[in-house]
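Colleague: Next up, work-v5.cif (mmCIF, C-alpha atoms).
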data_input
loop_
_atom_site.label_atom_id
_atom_site.label_comp_id
_atom_site.auth_asym_id
_atom_site.auth_seq_id
_atom_site.Cartn_x
_atom_site.Cartn_y
_atom_site.Cartn_z
CA MET A 491 -40.42 61.34 96.63
CA LYS A 492 -36.71 61.35 97.51
CA ASN A 493 -36.18 58.08 95.63
CA LEU A 494 -37.43 59.70 92.39
CA ILE A 495 -35.25 62.84 92.70
CA TYR A 496 -31.86 61.11 92.85
CA PRO A 497 -32.10 59.06 89.59
CA THR A 498 -33.40 62.11 87.73
CA LEU A 499 -30.57 64.24 89.06
CA ILE A 500 -27.90 61.68 88.10
CA THR A 501 -29.28 61.35 84.57
CA SER A 502 -29.33 65.13 84.18
CA LEU A 503 -25.73 65.47 85.34
CA PHE A 504 -24.61 62.71 82.89
CA LEU A 505 -26.30 64.36 79.90
CA THR A 506 -24.85 67.76 80.88
CA ALA A 507 -21.35 66.29 81.03
CA CYS A 508 -21.70 64.68 77.56
CA VAL A 509 -23.01 67.85 75.97
CA SER A 510 -20.39 70.01 77.62
CA GLY A 511 -17.59 67.98 75.99
CA ASP A 512 -16.22 66.31 79.11
CA LYS A 513 -16.60 62.94 77.28
CA ASP A 514 -15.31 62.90 73.67
CA TYR A 515 -17.21 60.71 71.23
CA ILE A 516 -15.03 58.01 69.60
CA GLU A 517 -16.15 56.69 66.20
CA THR A 518 -16.12 53.00 65.50
CA PRO A 519 -12.76 52.27 63.79
CA LYS A 520 -12.91 51.24 60.13
CA SER A 521 -11.12 48.04 59.18
CA ASP A 522 -8.21 48.60 56.81
CA GLN A 523 -7.83 45.33 54.87
CA ILE A 524 -4.29 45.32 53.49
CA ALA A 525 -4.30 41.89 51.81
CA ASP A 526 -6.53 41.19 48.80
CA LEU A 527 -8.52 38.11 49.74
CA ARG A 528 -10.58 37.99 46.56
CA ASP A 529 -10.77 34.74 44.60
CA ASP A 530 -12.10 35.62 41.15
CA ASP A 531 -12.03 32.10 39.72
CA TYR A 532 -13.46 30.51 42.89
CA ASP A 533 -10.79 27.83 43.09
CA GLY A 534 -10.03 28.37 46.78
CA VAL A 535 -6.75 30.23 46.18
CA ILE A 536 -6.79 34.02 46.59
CA ASN A 537 -5.80 36.23 43.65
CA ALA A 538 -2.62 37.43 45.39
CA ARG A 539 -1.29 33.82 45.42
CA ASP A 540 -3.00 32.45 42.31
CA ILE A 541 -0.51 32.12 39.44
CA CYS A 542 -3.08 30.37 37.22
CA PRO A 543 -6.14 32.65 37.06
CA GLY A 544 -9.17 31.33 35.25
CA THR A 545 -8.92 27.77 36.52
CA PRO A 546 -11.91 25.69 35.31
CA GLN A 547 -14.41 25.19 38.12
CA GLY A 548 -14.32 21.72 39.60
CA ALA A 549 -10.68 21.13 38.68
CA GLU A 550 -8.23 19.64 41.12
CA ILE A 551 -5.68 22.37 41.90
CA ASP A 552 -2.36 22.77 43.68
CA ASN A 553 -1.29 25.41 46.21
CA ASP A 554 -0.61 27.93 43.44
CA GLY A 555 -4.13 27.67 42.02
CA CYS A 556 -3.07 25.65 38.96
CA ALA A 557 -5.09 22.73 37.66
CA GLU A 558 -3.57 19.34 37.05
CA TYR A 559 -3.76 18.27 33.42
CA VAL A 560 -3.54 14.83 31.92
CA GLU A 561 -2.41 14.58 28.31
CA TYR A 562 -3.06 11.83 25.82
CA SER A 563 -2.42 11.39 22.13
CA ASP A 564 -3.75 9.47 19.18
CA LYS A 565 -2.36 8.68 15.75
CA LYS A 566 -4.13 8.38 12.41
CA ASP A 567 -2.76 7.24 9.05
CA LEU A 568 -4.19 8.03 5.63
CA LYS A 569 -3.46 6.19 2.40
CA ILE A 570 -5.34 6.87 -0.84
CA LEU A 571 -4.54 5.02 -4.09
CA PHE A 572 -5.20 6.39 -7.56
CA ALA A 573 -5.73 5.03 -11.03
CA ASN A 574 -3.05 5.47 -13.66
CA ASN A 575 -2.68 9.05 -14.92
CA SER A 576 -5.54 10.23 -12.64
CA SER A 577 -6.01 12.52 -9.64
CA GLU A 578 -9.64 11.55 -9.11
CA ILE A 579 -10.42 9.98 -5.73
CA SER A 580 -12.12 6.61 -5.97
CA PRO A 581 -15.39 6.32 -3.97
CA ILE A 582 -13.92 3.42 -1.98
CA PHE A 583 -11.57 5.88 -0.24
CA LYS A 584 -14.21 8.47 0.71
CA SER A 585 -14.85 6.86 4.11
CA GLU A 586 -11.13 6.91 4.91
CA ILE A 587 -10.96 10.62 4.10
CA ARG A 588 -14.05 11.29 6.22
CA THR A 589 -12.49 9.40 9.14
CA MET A 590 -9.34 11.52 8.86
CA ALA A 591 -11.44 14.69 8.76
CA GLU A 592 -13.27 13.61 11.93
CA PHE A 593 -9.91 12.98 13.58
CA LEU A 594 -8.66 16.45 12.62
CA ASN A 595 -11.90 18.06 13.78
CA GLU A 596 -11.46 16.37 17.15
CA TYR A 597 -7.80 17.36 17.52
CA LYS A 598 -8.02 21.03 16.60
CA GLU A 599 -4.32 21.72 17.23
CA ALA A 600 -3.16 19.09 14.75
CA SER A 601 -2.24 19.82 11.14
CA ILE A 602 -1.69 17.47 8.22
CA GLN A 603 0.78 17.22 5.37
CA LEU A 604 -0.57 15.33 2.37
CA GLN A 605 2.24 13.71 0.40
CA GLY A 606 1.46 12.83 -3.20
CA PHE A 607 3.33 10.22 -5.25
CA ALA A 608 3.29 8.70 -8.71
CA SER A 609 4.52 5.52 -10.32
CA GLN A 610 7.48 5.48 -12.68
CA GLN A 611 5.25 5.31 -15.70
CA GLY A 612 5.46 8.48 -17.78
CA ASN A 613 7.63 11.58 -17.69
CA ALA A 614 9.29 12.44 -14.33
CA GLU A 615 8.38 16.13 -14.55
CA TYR A 616 4.78 15.26 -15.41
CA ASN A 617 4.67 12.83 -12.47
CA ILE A 618 5.66 15.61 -10.07
CA ARG A 619 2.69 17.66 -11.24
CA LEU A 620 0.39 14.63 -11.11
CA SER A 621 1.43 13.83 -7.53
CA GLU A 622 0.69 17.45 -6.53
CA LEU A 623 -2.76 17.24 -8.10
CA ARG A 624 -3.48 14.04 -6.17
CA ALA A 625 -2.51 15.66 -2.86
CA SER A 626 -4.61 18.72 -3.73
CA ALA A 627 -7.64 16.52 -4.48
CA VAL A 628 -7.45 14.96 -1.02
CA ARG A 629 -7.05 18.43 0.50
CA VAL A 630 -10.26 19.60 -1.18
CA ALA A 631 -12.09 16.52 0.12
CA LEU A 632 -10.93 17.18 3.70
CA ILE A 633 -12.05 20.80 3.48
CA LYS A 634 -15.50 19.64 2.38
CA TYR A 635 -15.67 17.65 5.63
CA GLY A 636 -14.99 20.78 7.68
CA VAL A 637 -11.20 20.84 8.12
CA GLU A 638 -9.77 24.37 8.01
CA PRO A 639 -7.68 24.97 4.84
CA ASP A 640 -4.75 26.51 6.72
CA ARG A 641 -4.24 23.23 8.60
CA ILE A 642 -3.61 21.25 5.40
CA GLU A 643 -0.29 21.29 3.53
CA THR A 644 0.32 19.47 0.26
CA ILE A 645 3.53 18.34 -1.40
CA GLY A 646 4.22 16.28 -4.49
CA PHE A 647 7.18 13.88 -4.75
CA GLY A 648 6.42 12.45 -8.17
CA ASP A 649 8.08 9.08 -8.73
CA THR A 650 11.14 9.83 -6.58
CA LEU A 651 10.08 7.83 -3.49
CA LEU A 652 8.66 4.46 -4.45
CA THR A 653 6.94 2.30 -1.89
CA ALA A 654 7.04 -0.76 -4.14
CA LYS A 655 9.90 -1.66 -6.46
CA GLY A 656 9.49 -3.36 -9.80
CA ASP A 657 7.60 -2.87 -13.05
CA SER A 658 4.51 -4.92 -12.26
CA ALA A 659 0.95 -3.56 -12.33
CA VAL A 660 0.68 -4.08 -8.57
CA SER A 661 3.88 -2.09 -7.91
CA HIS A 662 2.69 0.78 -10.06
CA ALA A 663 -0.72 0.77 -8.34
CA LEU A 664 0.85 0.95 -4.88
CA ASN A 665 3.06 3.85 -5.91
CA ARG A 666 0.16 6.01 -7.16
CA ARG A 667 -0.81 7.30 -3.74
CA VAL A 668 -1.36 10.08 -1.24
CA VAL A 669 -0.30 9.37 2.32
CA ALA A 670 -0.30 11.24 5.62
CA THR A 671 0.26 10.56 9.30
CA VAL A 672 -1.25 12.81 11.96
CA VAL A 673 -0.60 12.74 15.69
CA GLY A 674 -3.16 14.55 17.81
CA PHE A 675 -2.65 15.67 21.40
CA LYS A 676 -5.28 16.55 23.96
CA GLY A 677 -5.27 17.67 27.56
CA ASP A 678 -8.03 17.63 30.17
CA VAL A 679 -8.07 18.87 33.74
CA VAL A 680 -8.26 16.37 36.58
CA ASN A 681 -11.53 16.98 38.37
CA GLU A 682 -11.60 17.17 42.15
CA TRP A 683 -13.36 14.45 44.10
CA ASN A 684 -17.03 15.00 44.94
CA ILE A 685 -19.92 12.96 46.28
CA PHE A 686 -20.78 11.75 42.78
CA THR A 687 -17.27 10.53 41.96
CA ARG A 688 -16.86 6.81 41.36
CA LYS A 689 -13.46 5.16 41.44
CA LYS A 690 -12.69 2.61 38.75
CA LYS A 691 -12.56 -0.97 40.02
#
Spell out the structure here as structure tokens.
Modeller:
Amino acid sequence: MKNLIYPTLITSLFLTACVSGDKDYIETPKSDQIADLRDDDYDGVINARDICPGTPQGAEIDNDGCAEYVEYSDKKDLKILFANNSSEISPIFKSEIRTMAEFLNEYKEASIQLQGFASQQGNAEYNIRLSELRASAVRVALIKYGVEPDRIETIGFGDTLLTAKGDSAVSHALNRRVVATVVGFKGDVVNEWNIFTRKKK
């Protein structure tokens, strides 16, 4: 009987002491996180240190959270010849115009300047107008293939810049032209290595 009294007495004294305020209750401290450890673009670099937010997932990045880009370029030439006193595009040049349109649609940042020319046959002032009409005809054809109008500039030089000298039929034919050169640039991120990556041999 004595053995049962002592534990009960001790427990009672402990509860009385807690209720009476002899032992103050201490709440669990709340953590106060000062640094922002969020990583919104999931590139492994926290927002506070990431100077390139919005990095594409899977890209190889540096310590600042910036992806490594590799740039490459391509060049495309266009040359359309016209019949005498005409701004109508011959069907044989349609594929060349379509190829240029595909190039421009691939390189969205590139623009094109279509330069129209004429041979020295006829009036110089009339040839300026004719060369402008030729450049405009090619512009319309490119637009039909999906190139945005504001990316295409036209200019007519008339017979002032000849590509072939002389008064032969061949020289005149080579001078009745529309030409353009476009350089397109692209950039892609370097992807980080993963288990599916294969190195080139």
Colleague: Report as a PyMOL selection string all protein, DNA and RNA residues lying within 6 Å of segment 638-654 of chain A, evaluated on all atoms listed in the file, omitting residues in the same chain fewer than 6 positions from it.
Modeller: chain A and resi 601-610+617-618+621-622+625+661+665
Colleague: Which residues are close to Ser585 of chain A, i.e. within 12 Å by only C-alpha atoms, leaving aside same-chain residues fewer than 6 positions away? Reply as a list of chain:residue names.
Modeller: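 In the requested format, the answer is A:Leu568, A:Lys569, A:Ile570, A:Ile579, A:Ala591, A:Glu592, A:Ala631, A:Leu632, A:Tyr635.
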Colleague: Compare A:Asn575, A:Lys634, A:Glu586, A:Leu664 by their minimum atom-to-atom distance to Asn613 of chain A, counting all atoms listed in the file, and give me the closest one.
Modeller: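 Closest to Asn613 of chain A, using all atoms listed in the file: A:Asn575.
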Colleague: Once the PyMOL selection byres ((chain A and resi 593) around 12) is applied to the coordinates I shared, what remains selected? I want it as a PyMOL selection string.
Modeller: chain A and resi 563-568+586-592+594-602+632+635-637+671-676
Colleague: With C-alpha atoms retained, write the just-selected residues as a PDB file, in the frame of the given file.
Modeller:
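Final output, selection_5.pdb:
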ATOM      1  CA  SER A 563      -2.420  11.390  22.130  1.00  0.00           C
ATOM      2  CA  ASP A 564      -3.750   9.470  19.180  1.00  0.00           C
ATOM      3  CA  LYS A 565      -2.360   8.680  15.750  1.00  0.00           C
ATOM      4  CA  LYS A 566      -4.130   8.380  12.410  1.00  0.00           C
ATOM      5  CA  ASP A 567      -2.760   7.240   9.050  1.00  0.00           C
ATOM      6  CA  LEU A 568      -4.190   8.030   5.630  1.00  0.00           C
ATOM      7  CA  GLU A 586     -11.130   6.910   4.910  1.00  0.00           C
ATOM      8  CA  ILE A 587     -10.960  10.620   4.100  1.00  0.00           C
ATOM      9  CA  ARG A 588     -14.050  11.290   6.220  1.00  0.00           C
ATOM     10  CA  THR A 589     -12.490   9.400   9.140  1.00  0.00           C
ATOM     11  CA  MET A 590      -9.340  11.520   8.860  1.00  0.00           C
ATOM     12  CA  ALA A 591     -11.440  14.690   8.760  1.00  0.00           C
ATOM     13  CA  GLU A 592     -13.270  13.610  11.930  1.00  0.00           C
ATOM     14  CA  LEU A 594      -8.660  16.450  12.620  1.00  0.00           C
ATOM     15  CA  ASN A 595     -11.900  18.060  13.780  1.00  0.00           C
ATOM     16  CA  GLU A 596     -11.460  16.370  17.150  1.00  0.00           C
ATOM     17  CA  TYR A 597      -7.800  17.360  17.520  1.00  0.00           C
ATOM     18  CA  LYS A 598      -8.020  21.030  16.600  1.00  0.00           C
ATOM     19  CA  GLU A 599      -4.320  21.720  17.230  1.00  0.00           C
ATOM     20  CA  ALA A 600      -3.160  19.090  14.750  1.00  0.00           C
ATOM     21  CA  SER A 601      -2.240  19.820  11.140  1.00  0.00           C
ATOM     22  CA  ILE A 602      -1.690  17.470   8.220  1.00  0.00           C
ATOM     23  CA  LEU A 632     -10.930  17.180   3.700  1.00  0.00           C
ATOM     24  CA  TYR A 635     -15.670  17.650   5.630  1.00  0.00           C
ATOM     25  CA  GLY A 636     -14.990  20.780   7.680  1.00  0.00           C
ATOM     26  CA  VAL A 637     -11.200  20.840   8.120  1.00  0.00           C
ATOM     27  CA  THR A 671       0.260  10.560   9.300  1.00  0.00           C
ATOM     28  CA  VAL A 672      -1.250  12.810  11.960  1.00  0.00           C
ATOM     29  CA  VAL A 673      -0.600  12.740  15.690  1.00  0.00           C
ATOM     30  CA  GLY A 674      -3.160  14.550  17.810  1.00  0.00           C
ATOM     31  CA  PHE A 675      -2.650  15.670  21.400  1.00  0.00           C
ATOM     32  CA  LYS A 676      -5.280  16.550  23.960  1.00  0.00           C
TER      33      LYS A 676
END
Colleague: Using Å and a single decimal, report how far atom CA of Arg667 of chain A sits from atom CA of Phe572 of chain A.
Modeller: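 Atom-to-atom, atom CA of Phe572 of chain A to atom CA of Arg667 of chain A, that is 5.9 Å.
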Colleague: Separation of atom CA of Ala670 of chain A and atom CA of Gly612 of chain A, in Å?
Modeller: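 Atom-to-atom, atom CA of Ala670 of chain A and atom CA of Gly612 of chain A are spaced 24.3 Å apart.
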Colleague: So how far away is atom CA of Val669 of chain A from atom CA of Ser580 of chain A, in Å?
Modeller: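 Taking atom CA of Ser580 of chain A as the start and atom CA of Val669 of chain A as the end point, the length is 14.7 Å.
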Colleague: Select, from A:Leu571, A:Ile582, A:Glu615, A:Ala627, the residue with the minimum atom-to-atom distance to Val660 of chain A, counting only C-alpha atoms.
Modeller: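 Counting only C-alpha atoms, the residue closest to Val660 of chain A is A:Leu571.
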Colleague: Could I get segment 613-639 of chain A from the block written out with N, CA, C and O atoms, as a PDB file, in the first residue's frame?
Modeller:
ATOM      1  N   ASN A 613      14.322  54.971-121.087  1.00  0.00           N
ATOM      2  CA  ASN A 613      14.532  56.209-120.354  1.00  0.00           C
ATOM      3  C   ASN A 613      15.007  55.920-118.930  1.00  0.00           C
ATOM      4  O   ASN A 613      14.504  55.027-118.256  1.00  0.00           O
ATOM      5  N   ALA A 614      15.980  56.692-118.426  1.00  0.00           N
ATOM      6  CA  ALA A 614      16.560  56.473-117.094  1.00  0.00           C
ATOM      7  C   ALA A 614      15.517  56.638-115.992  1.00  0.00           C
ATOM      8  O   ALA A 614      15.477  55.852-115.027  1.00  0.00           O
ATOM      9  N   GLU A 615      14.677  57.657-116.121  1.00  0.00           N
ATOM     10  CA  GLU A 615      13.644  57.886-115.106  1.00  0.00           C
ATOM     11  C   GLU A 615      12.624  56.740-115.092  1.00  0.00           C
ATOM     12  O   GLU A 615      12.188  56.290-114.027  1.00  0.00           O
ATOM     13  N   TYR A 616      12.268  56.285-116.287  1.00  0.00           N
ATOM     14  CA  TYR A 616      11.337  55.157-116.395  1.00  0.00           C
ATOM     15  C   TYR A 616      11.962  53.887-115.799  1.00  0.00           C
ATOM     16  O   TYR A 616      11.278  53.095-115.145  1.00  0.00           O
ATOM     17  N   ASN A 617      13.260  53.708-115.999  1.00  0.00           N
ATOM     18  CA  ASN A 617      13.948  52.526-115.479  1.00  0.00           C
ATOM     19  C   ASN A 617      13.980  52.509-113.952  1.00  0.00           C
ATOM     20  O   ASN A 617      13.960  51.442-113.334  1.00  0.00           O
ATOM     21  N   ILE A 618      14.043  53.676-113.346  1.00  0.00           N
ATOM     22  CA  ILE A 618      13.973  53.745-111.871  1.00  0.00           C
ATOM     23  C   ILE A 618      12.640  53.181-111.406  1.00  0.00           C
ATOM     24  O   ILE A 618      12.577  52.350-110.486  1.00  0.00           O
ATOM     25  N   ARG A 619      11.569  53.642-112.033  1.00  0.00           N
ATOM     26  CA  ARG A 619      10.231  53.175-111.670  1.00  0.00           C
ATOM     27  C   ARG A 619      10.083  51.685-111.942  1.00  0.00           C
ATOM     28  O   ARG A 619       9.508  50.951-111.143  1.00  0.00           O
ATOM     29  N   LEU A 620      10.607  51.219-113.066  1.00  0.00           N
ATOM     30  CA  LEU A 620      10.521  49.804-113.420  1.00  0.00           C
ATOM     31  C   LEU A 620      11.274  48.937-112.410  1.00  0.00           C
ATOM     32  O   LEU A 620      10.788  47.871-112.002  1.00  0.00           O
ATOM     33  N   SER A 621      12.429  49.396-111.972  1.00  0.00           N
ATOM     34  CA  SER A 621      13.209  48.631-110.993  1.00  0.00           C
ATOM     35  C   SER A 621      12.474  48.564-109.646  1.00  0.00           C
ATOM     36  O   SER A 621      12.538  47.554-108.939  1.00  0.00           O
ATOM     37  N   GLU A 622      11.775  49.637-109.287  1.00  0.00           N
ATOM     38  CA  GLU A 622      10.972  49.628-108.052  1.00  0.00           C
ATOM     39  C   GLU A 622       9.817  48.641-108.162  1.00  0.00           C
ATOM     40  O   GLU A 622       9.503  47.929-107.191  1.00  0.00           O
ATOM     41  N   LEU A 623       9.177  48.600-109.314  1.00  0.00           N
ATOM     42  CA  LEU A 623       8.076  47.657-109.524  1.00  0.00           C
ATOM     43  C   LEU A 623       8.565  46.212-109.441  1.00  0.00           C
ATOM     44  O   LEU A 623       7.861  45.335-108.923  1.00  0.00           O
ATOM     45  N   ARG A 624       9.745  45.943-109.946  1.00  0.00           N
ATOM     46  CA  ARG A 624      10.306  44.590-109.886  1.00  0.00           C
ATOM     47  C   ARG A 624      10.559  44.181-108.432  1.00  0.00           C
ATOM     48  O   ARG A 624      10.238  43.057-108.032  1.00  0.00           O
ATOM     49  N   ALA A 625      11.139  45.084-107.660  1.00  0.00           N
ATOM     50  CA  ALA A 625      11.387  44.785-106.245  1.00  0.00           C
ATOM     51  C   ALA A 625      10.072  44.582-105.502  1.00  0.00           C
ATOM     52  O   ALA A 625       9.951  43.680-104.656  1.00  0.00           O
ATOM     53  N   SER A 626       9.071  45.391-105.820  1.00  0.00           N
ATOM     54  CA  SER A 626       7.760  45.267-105.170  1.00  0.00           C
ATOM     55  C   SER A 626       7.087  43.943-105.516  1.00  0.00           C
ATOM     56  O   SER A 626       6.410  43.338-104.680  1.00  0.00           O
ATOM     57  N   ALA A 627       7.271  43.467-106.739  1.00  0.00           N
ATOM     58  CA  ALA A 627       6.686  42.192-107.155  1.00  0.00           C
ATOM     59  C   ALA A 627       7.272  41.031-106.347  1.00  0.00           C
ATOM     60  O   ALA A 627       6.544  40.118-105.919  1.00  0.00           O
ATOM     61  N   VAL A 628       8.568  41.076-106.109  1.00  0.00           N
ATOM     62  CA  VAL A 628       9.203  40.031-105.299  1.00  0.00           C
ATOM     63  C   VAL A 628       8.731  40.137-103.843  1.00  0.00           C
ATOM     64  O   VAL A 628       8.517  39.121-103.175  1.00  0.00           O
ATOM     65  N   ARG A 629       8.547  41.346-103.367  1.00  0.00           N
ATOM     66  CA  ARG A 629       8.044  41.553-102.004  1.00  0.00           C
ATOM     67  C   ARG A 629       6.675  40.903-101.829  1.00  0.00           C
ATOM     68  O   ARG A 629       6.429  40.205-100.843  1.00  0.00           O
ATOM     69  N   VAL A 630       5.786  41.139-102.796  1.00  0.00           N
ATOM     70  CA  VAL A 630       4.441  40.555-102.737  1.00  0.00           C
ATOM     71  C   VAL A 630       4.526  39.028-102.719  1.00  0.00           C
ATOM     72  O   VAL A 630       3.799  38.360-101.970  1.00  0.00           O
ATOM     73  N   ALA A 631       5.432  38.466-103.515  1.00  0.00           N
ATOM     74  CA  ALA A 631       5.583  37.009-103.566  1.00  0.00           C
ATOM     75  C   ALA A 631       6.064  36.460-102.223  1.00  0.00           C
ATOM     76  O   ALA A 631       5.590  35.417-101.761  1.00  0.00           O
ATOM     77  N   LEU A 632       6.992  37.158-101.571  1.00  0.00           N
ATOM     78  CA  LEU A 632       7.482  36.712-100.261  1.00  0.00           C
ATOM     79  C   LEU A 632       6.384  36.768 -99.207  1.00  0.00           C
ATOM     80  O   LEU A 632       6.267  35.883 -98.354  1.00  0.00           O
ATOM     81  N   ILE A 633       5.567  37.812 -99.271  1.00  0.00           N
ATOM     82  CA  ILE A 633       4.460  37.943 -98.319  1.00  0.00           C
ATOM     83  C   ILE A 633       3.473  36.790 -98.481  1.00  0.00           C
ATOM     84  O   ILE A 633       2.944  36.261 -97.501  1.00  0.00           O
ATOM     85  N   LYS A 634       3.246  36.377 -99.722  1.00  0.00           N
ATOM     86  CA  LYS A 634       2.332  35.259 -99.977  1.00  0.00           C
ATOM     87  C   LYS A 634       2.848  33.961 -99.356  1.00  0.00           C
ATOM     88  O   LYS A 634       2.067  33.074 -99.023  1.00  0.00           O
ATOM     89  N   TYR A 635       4.168  33.872 -99.182  1.00  0.00           N
ATOM     90  CA  TYR A 635       4.765  32.695 -98.546  1.00  0.00           C
ATOM     91  C   TYR A 635       4.896  32.861 -97.029  1.00  0.00           C
ATOM     92  O   TYR A 635       5.543  32.052 -96.368  1.00  0.00           O
ATOM     93  N   GLY A 636       4.299  33.898 -96.472  1.00  0.00           N
ATOM     94  CA  GLY A 636       4.226  34.016 -95.020  1.00  0.00           C
ATOM     95  C   GLY A 636       5.211  34.950 -94.361  1.00  0.00           C
ATOM     96  O   GLY A 636       5.265  35.024 -93.125  1.00  0.00           O
ATOM     97  N   VAL A 637       6.010  35.690 -95.140  1.00  0.00           N
ATOM     98  CA  VAL A 637       6.965  36.628 -94.546  1.00  0.00           C
ATOM     99  C   VAL A 637       6.224  37.914 -94.172  1.00  0.00           C
ATOM    100  O   VAL A 637       5.439  38.441 -94.962  1.00  0.00           O
ATOM    101  N   GLU A 638       6.471  38.429 -92.973  1.00  0.00           N
ATOM    102  CA  GLU A 638       5.797  39.624 -92.498  1.00  0.00           C
ATOM    103  C   GLU A 638       6.203  40.834 -93.347  1.00  0.00           C
ATOM    104  O   GLU A 638       7.401  41.044 -93.602  1.00  0.00           O
ATOM    105  N   PRO A 639       5.239  41.643 -93.772  1.00  0.00           N
ATOM    106  CA  PRO A 639       5.534  42.799 -94.644  1.00  0.00           C
ATOM    107  C   PRO A 639       6.546  43.776 -94.066  1.00  0.00           C
ATOM    108  O   PRO A 639       7.349  44.353 -94.803  1.00  0.00           O
TER     109      PRO A 639
END
